[in-house]
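*Asks:* Got a structure here, written out as structure tokens. Questions coming.
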Amino acid sequence: QSIDPKNVTILRDSYGVPHIFGKTDADAAYGLAYAHSEDDFDNIQRAVLAGKGMLGRVEGKDGVLFDFGLQMLNLDSLVEARYELDLSAEYRAVLEGYAQGLNDYASAHPKELLLKKSFPINAKDIVKSSTLSVSLMAGLGMALKAVNENRVQEFLGANETHTGSGSNALAVAPEKMADGKPYLLVNSHQPIEGRFAWYEAHISSEQGWNCVGGLFPGGNMVFVGSNEHLGWAHTFNYHQFGDIYELELNPKNKNQYKYDGEWRNFYVRKAKLKIKLAGIVIGVSKKVKSCEYGPVYKSKYGTYAFRFAAYKDIRATEQWFKMNKAQNFGQFSEAMKMQAVPLFNTVYADESGNIMLHSGGKVPKRNPKLDWTAPITANTSAYNWTEILDSEQLPHVENPECGFVYNANNTPLHCTGDSCNWDEYFPGLQSFEYNRGERFGRLMKEHEGKFTEADLERIKFDNAYDPDGAYTKKFKQLYSLDESKYPDIADAIQKLKHWDKHGNVDNRDAALAMVVHDFMRLEVDAPFAILMIRNGDVSEEMAVD
């Protein structure tokens with residue numbers, strides 16, 4: 001059903017944030033698409049082009065990787081087959097309203113089009129784009145990078161890791177606050193430019209959708225935000241959401257792989273792609289293989305298969321839509337139980353005083369007696385998991401007696417007071433820490449009495465490394481070098497030893513430490529986070545260098 005723009009009102013506040021009012025949810029989605037296009041149509045188009053398999057025609061080699069990924073994961077066919085079966089009629093109307101908003105903006109601003117052939121778009125294109133994005137976020141993107149660079153152990157040895165930024169979230173129950181109100185602090189650490197530029201909007205309809213928060217280009221609802229009853233934050237979690245298998249090929253027939261002691265044929269189809277090179281768009285085709293485990297990728301280091309649950313489910317954005325519209329803890333929890341969003345910790349608080357941390361996503365139900373170290377080389381059906389853990393089997397803490405929950409990308413095993421933590425286990429559970437989480441835990445536990453808003457702000461904006469934390473242990477060599485052994489850098493060694501491990505803006509000792517960190521990051525050719533979590537500490541040799 002076509003949207004009548006007369007049913008949509010877009011108002012902007014003094015910051016330029018759009019407040020969108022629609023008669024129906026679909027009307028409001030139309031208004032969100034139009035308002036966001038006014039501000040960032042370029043990046044919205046790039047997100048949609050990835051969903052249509054056309055990004056290579058605009059971005060060349062970088063873009064065609066997304067086009068290939070769409071077909072490698074078979075997402076184009078999956079969405080076509082499952083769109084009406086898996087998505088509710090209510091939500092399909094929202095998607096179709098959003099698509100019409102983009103199409104109407106494109107018609108009114110033809111000079112802004114990156115690729116004329118890409119419009120009009122439809123709701124299925126939006127779903128393909130979002131499913132591809134969340135699949136890459138849920139470990140698959142890092143897995144592809146790891147096998148392409150022959151660094152599987154380094155990138156995945158300590159659980160999945162990320163690209164260097166992070167998120168913070170904290171919820172405090174009303175009985176812990178001096179003013180008797182529940183508090184939710186959110187810091188999503190998202191960029192303000194590029195394909196994942198964070199965008200703020202308020203969406204309101206007469207059908208009960210009234211949510212304000214942040215989203216990405218091409219997102220048709222709020223991903224992190226609040227309504228008049230409740231609010232939630234997400235932080236990246238790093239459970240092992242999938243597995244990498246190093247395949248053994250038949251030396252006499254490269255189209256066969258070993259599985260359960262016998263040679264099996266790959267499933268093969270052709271991906272037809274178009275890529276812009278030197279200003280000319282040319283057509284290319286590439287074989288796409290899959291096996292019993294899942295899609296197959298060949299690098300110069302070997303042939304690998306991937307098995308992630310994320311690329312088999314198209315409902316992620318519908319779960320977020322239900323979270324947007326939830327009116328209470330029960331409705332929000334029901335939305336979470338969909339487990340369609342394939343990753344993220346969720347920190348929650350509501351007007352009734354409920355607080356929660358849930359470390360969610362699609363975690364495979366693995367046999368704990370097997371070795372799941374990546375890459376898996378057993379090549380047997382024993383490693384071909386078919387189910388994911390239920391929502392209740394994942395780390396979660398609801399209304400703890402300790403009165404608070406937090407996460408800053410650290411393990412969810414530490415998310416509240418020591419006596420209230422979740423303490424179970426499953427293969428692939430994130431166990432590593434980050435300094436931000438350690439500091440949250442220490443400062444919350446050390447506080448005496450009830451919290452004020454000023455106390456929470458002090459904790460939220462703390463800028464110190466924990467004296468007994470992961471950083472102090474991993475980087476011990478850097479701060480214990482002997483000046484007499486290395487006289488040519490004695491001044492730098494003394495400066496680092498003098499540093500109080502705080503990062504306030506006028507701290508010149510901190511400046512040297514940050515530069516050293518950056519050179520270490522370049523040395524290992526990986527995000528700084530890898531240095532914090534990889535096996536082994538920073539060596540004396542690296543510290544001196």
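Residues are referred to by chain and number: the chain letter is A, B, ... according to the order shown in the structure tokens, the number counts from 1 in that chain, and ligands are numbered separately from 1 in the order shown.
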Excluding Asp371 in chain A and any residue of its chain fewer than 4 positions from it, enumerate the residues within 12 Å of it, using only C-alpha atoms, and give them as a VMD selection string.
*Replies:* chain A and resid 243 366 to 367 375 to 378 382 to 383 427 to 428
*Asks:* As a ChimeraX atom specification, list the residues of range 243-380 of chain A assigned to alpha helix (DSSP H) by DSSP on the backbone atoms of this structure.
*Replies:* /A:316-325,329-336
*Asks:* Contacts of Tyr304 in chain A at 7 Å or less, counting only C-alpha atoms, minus same-chain residues fewer than 5 places along, as a list in words?
*Replies:*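 Residues near the query, excluding close chain neighbours: Ile244, Tyr245, Glu246, Leu247, Val296, Tyr297 and Lys298 of chain A.
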*Asks:* Would you compute the distance between CA of Val268 in chain A and CA of Lys289 in chain A? Give it in Å to one decimal.
*Replies:*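 Going from CA of Val268 in chain A over to CA of Lys289 in chain A covers 4.6 Å.
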*Asks:* Enter the distance from CA of Ala513 in chain A to CA of Tyr471 in chain A, in Å, rounded to one decimal.
*Replies:*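 The value is 12.2 Å.
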*Asks:* Excluding Ala543 in chain A and residues on its chain fewer than 5 positions from it, collect all residues at most 8 Å away from it, counting only C-alpha atoms, and give them as a ChimeraX atom specification.
*Replies:* /A:477-478,538
*Asks:* Next, dump the selected residues to file, keeping only N, CA, C and O atoms, as a tab-separated table (two decimals), in the first residue's frame.
*Replies:*
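For reference, out_33.tsv as written:
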```
chain	number	residue	atom	x	y	z
A	477	GLN	N	56.37	-5.25	30.63
A	477	GLN	CA	57.74	-5.02	30.15
A	477	GLN	C	57.97	-3.57	29.77
A	477	GLN	O	59.06	-3.03	29.98
A	478	LEU	N	56.94	-2.93	29.22
A	478	LEU	CA	57.08	-1.55	28.77
A	478	LEU	C	57.40	-0.61	29.93
A	478	LEU	O	58.11	0.39	29.75
A	538	VAL	N	53.37	-8.35	25.92
A	538	VAL	CA	54.31	-7.55	25.14
A	538	VAL	C	55.72	-7.89	25.59
A	538	VAL	O	56.02	-7.88	26.79
```
*Asks:* DSSP says strand (DSSP E) for which residues of range 72-255 of chain A? Put them as a tab-separated table (two decimals) with N, CA and C atoms, in the first residue's frame?
*Replies:*
```
chain	number	residue	atom	x	y	z
A	168	ASN	N	30.38	1.45	25.78
A	168	ASN	CA	30.18	1.38	27.23
A	168	ASN	C	28.69	1.46	27.53
A	169	ALA	N	28.26	0.75	28.54
A	169	ALA	CA	26.88	0.86	28.99
A	169	ALA	C	26.79	0.50	30.47
A	170	LEU	N	25.88	1.17	31.18
A	170	LEU	CA	25.73	0.97	32.61
A	170	LEU	C	24.27	1.23	32.98
A	171	ALA	N	23.68	0.31	33.74
A	171	ALA	CA	22.32	0.50	34.26
A	171	ALA	C	22.35	0.33	35.78
A	172	VAL	N	21.67	1.23	36.48
A	172	VAL	CA	21.65	1.21	37.94
A	172	VAL	C	20.19	1.20	38.41
A	183	TYR	N	18.70	4.46	36.29
A	183	TYR	CA	19.57	5.19	35.37
A	183	TYR	C	20.15	4.24	34.31
A	184	LEU	N	20.22	4.76	33.09
A	184	LEU	CA	20.86	4.03	31.98
A	184	LEU	C	21.84	4.98	31.30
A	185	LEU	N	23.12	4.60	31.27
A	185	LEU	CA	24.14	5.40	30.60
A	185	LEU	C	24.58	4.66	29.35
A	186	VAL	N	24.63	5.37	28.24
A	186	VAL	CA	24.91	4.76	26.94
A	186	VAL	C	26.03	5.52	26.25
A	187	ASN	N	27.06	4.82	25.80
A	187	ASN	CA	28.10	5.42	24.97
A	187	ASN	C	28.45	4.39	23.90
A	199	TYR	N	23.56	7.94	13.43
A	199	TYR	CA	22.56	8.94	13.09
A	199	TYR	C	21.48	8.93	14.16
A	200	GLU	N	21.14	10.11	14.66
A	200	GLU	CA	20.12	10.20	15.71
A	200	GLU	C	18.78	10.62	15.12
A	201	ALA	N	17.72	9.99	15.57
A	201	ALA	CA	16.38	10.33	15.10
A	201	ALA	C	15.35	9.97	16.17
A	202	HIS	N	14.20	10.63	16.07
A	202	HIS	CA	13.04	10.33	16.91
A	202	HIS	C	11.91	9.94	15.97
A	203	ILE	N	11.35	8.76	16.19
A	203	ILE	CA	10.31	8.22	15.31
A	203	ILE	C	9.04	8.02	16.13
A	204	SER	N	7.91	8.56	15.65
A	204	SER	CA	6.67	8.46	16.40
A	204	SER	C	5.50	8.22	15.45
A	205	SER	N	4.66	7.25	15.79
A	205	SER	CA	3.46	6.97	14.99
A	205	SER	C	2.26	6.84	15.91
A	210	ASN	N	7.22	4.97	19.33
A	210	ASN	CA	7.68	6.27	19.82
A	210	ASN	C	9.07	6.09	20.41
A	211	CYS	N	10.10	6.13	19.57
A	211	CYS	CA	11.44	5.76	19.98
A	211	CYS	C	12.45	6.79	19.50
A	212	VAL	N	13.43	7.09	20.34
A	212	VAL	CA	14.51	8.00	19.96
A	212	VAL	C	15.83	7.29	20.20
A	213	GLY	N	16.78	7.48	19.26
A	213	GLY	CA	18.08	6.84	19.44
A	213	GLY	C	18.91	6.87	18.18
A	214	GLY	N	19.81	5.92	18.06
A	214	GLY	CA	20.78	5.91	16.97
A	214	GLY	C	20.58	4.76	16.01
A	215	LEU	N	21.00	4.99	14.76
A	215	LEU	CA	20.92	3.97	13.71
A	215	LEU	C	21.99	4.23	12.67
A	224	VAL	N	19.77	1.49	18.97
A	224	VAL	CA	20.08	1.73	20.38
A	224	VAL	C	19.30	2.97	20.81
A	225	GLY	N	18.45	2.87	21.82
A	225	GLY	CA	17.67	4.05	22.17
A	225	GLY	C	16.72	3.83	23.32
A	226	SER	N	15.65	4.62	23.30
A	226	SER	CA	14.68	4.58	24.39
A	226	SER	C	13.32	5.03	23.88
A	230	LEU	N	11.13	2.65	28.51
A	230	LEU	CA	12.34	1.84	28.71
A	230	LEU	C	13.45	2.31	27.77
A	231	GLY	N	14.66	1.84	28.03
A	231	GLY	CA	15.78	2.14	27.16
A	231	GLY	C	16.78	1.01	27.17
A	232	TRP	N	17.60	0.95	26.13
A	232	TRP	CA	18.62	-0.10	26.06
A	232	TRP	C	19.85	0.40	25.32
A	233	ALA	N	20.97	-0.23	25.63
A	233	ALA	CA	22.24	0.03	24.95
A	233	ALA	C	22.76	-1.30	24.42
A	234	HIS	N	23.56	-1.22	23.38
A	234	HIS	CA	24.30	-2.40	22.90
A	234	HIS	C	25.79	-2.14	23.03
A	235	THR	N	26.52	-3.19	23.34
A	235	THR	CA	27.97	-3.19	23.20
A	235	THR	C	28.33	-4.45	22.43
A	242	GLY	N	30.65	-18.43	15.21
A	242	GLY	CA	30.75	-19.35	14.10
A	242	GLY	C	32.11	-20.00	14.10
A	243	ASP	N	32.33	-20.84	13.11
A	243	ASP	CA	33.58	-21.60	13.06
A	243	ASP	C	34.20	-21.55	11.67
A	244	ILE	N	35.52	-21.70	11.65
A	244	ILE	CA	36.31	-21.76	10.43
A	244	ILE	C	36.86	-23.17	10.31
A	245	TYR	N	36.72	-23.77	9.13
A	245	TYR	CA	37.20	-25.12	8.88
A	245	TYR	C	38.24	-25.08	7.76
A	246	GLU	N	39.41	-25.63	8.02
A	246	GLU	CA	40.42	-25.74	6.97
A	246	GLU	C	40.21	-27.09	6.28
A	249	LEU	N	41.72	-30.98	0.52
A	249	LEU	CA	41.27	-31.20	-0.87
A	249	LEU	C	41.84	-32.50	-1.41
A	250	ASN	N	41.10	-33.09	-2.32
A	250	ASN	CA	41.56	-34.29	-3.02
A	250	ASN	C	42.70	-33.91	-3.96
A	253	ASN	N	41.67	-34.27	-7.45
A	253	ASN	CA	40.46	-33.57	-7.92
A	253	ASN	C	40.17	-32.41	-6.96
A	254	LYS	N	40.55	-31.20	-7.35
A	254	LYS	CA	40.42	-30.03	-6.47
A	254	LYS	C	38.96	-29.63	-6.22
A	255	ASN	N	38.04	-30.28	-6.91
A	255	ASN	CA	36.62	-30.00	-6.69
A	255	ASN	C	36.02	-30.92	-5.64
```
*Asks:* Taking 3 positions as the minimum chain separation for residues in the same chain, which residues sit within 10 Å of Asp42 in chain A when counting only C-alpha atoms? Answer as an MDAnalysis selection string.
*Replies:* chainID A and resid 37:39 45:47 112:114 194:195 217
*Asks:* Could you check the closest approach to Pro368 in chain A for each of A:Ala326, A:Leu429, A:Asn399, A:Ser188 and tell me which residue wins, using only C-alpha atoms?
*Replies:*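 Closest candidate: A:Leu429.
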*Asks:* For Ala93 in chain A, please output as a list in words all residues within 8 Å (counting only C-alpha atoms; exclusion window: fewer than 4 positions along the same chain).
*Replies:*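 Skipping anything fewer than 4 positions along the chain leaves Gln1, Asp25, Ala26, Ala89 and Gly97 of chain A.
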*Asks:* Got time to write the residues from that selection, N, CA and C atoms, as a short mmCIF file (atom, residue, chain, number, x, y, z; two decimals), in the first residue's frame?
*Replies:*
```
data_model
loop_
_atom_site.label_atom_id
_atom_site.label_comp_id
_atom_site.auth_asym_id
_atom_site.auth_seq_id
_atom_site.Cartn_x
_atom_site.Cartn_y
_atom_site.Cartn_z
N GLN A 1 0.85 -1.19 0.00
CA GLN A 1 0.00 0.00 0.00
C GLN A 1 0.89 1.24 0.00
N ASP A 25 2.89 3.13 11.43
CA ASP A 25 4.31 2.81 11.53
C ASP A 25 4.99 2.93 10.16
N ALA A 26 4.28 2.49 9.12
CA ALA A 26 4.85 2.57 7.77
C ALA A 26 5.06 4.04 7.36
N ALA A 89 3.53 -9.40 8.58
CA ALA A 89 2.91 -8.43 7.68
C ALA A 89 3.08 -7.01 8.23
N GLY A 97 7.32 0.92 3.51
CA GLY A 97 7.22 2.37 3.68
C GLY A 97 8.59 3.02 3.63
#
```
*Asks:* For Ala310 in chain A, find every residue with an atom within 12 Å (counting only C-alpha atoms), except residues of its own chain fewer than 5 positions away, and show them as a PyMOL selection string.
*Replies:* chain A and resi 73+75+130-141+240-243+294+315-316+339-343+361-364+388
*Asks:* Identify which of the residues A:Asp545, A:Gly22, A:Glu433, A:Tyr34 lies closest to Ala108 in chain A, counting only C-alpha atoms when measuring atom-to-atom distances.
*Replies:*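 Of the candidates, the smallest distance to Ala108 in chain A is held by A:Tyr34.
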*Asks:* Looking at only C-alpha atoms, which of A:Tyr479, A:Phe21, A:Tyr15, A:Tyr301 is the one that sits closest to Glu149 in chain A?
*Replies:* A:Tyr301
*Asks:* Of the candidates A:Lys460, A:Lys124, A:His189, A:His109, which shows the shortest atom-to-atom distance to Ala81 in chain A, using only C-alpha atoms?
*Replies:*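 Selected residue with least distance to Ala81 in chain A: A:Lys124.
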*Asks:* Rank nothing, just name the residue among A:His358, A:Phe426, A:Asn43, A:Lys287 nearest to Phe68 in chain A, using only C-alpha atoms.
*Replies:*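 Under the stated criterion, the closest residue is A:Lys287.
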*Asks:* Point out the residue among A:Ile20, A:Val505, A:Ala271, A:Leu144 with the least atom-to-atom distance to Glu206 in chain A, counting only C-alpha atoms.
*Replies:*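 The closest residue to Glu206 in chain A is A:Ile20.
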*Asks:* What separation in Å, quoted to one decimal, exists between CA of Lys300 in chain A and CA of Gly63 in chain A?
*Replies:*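 Interatomic distance here is 21.2 Å.
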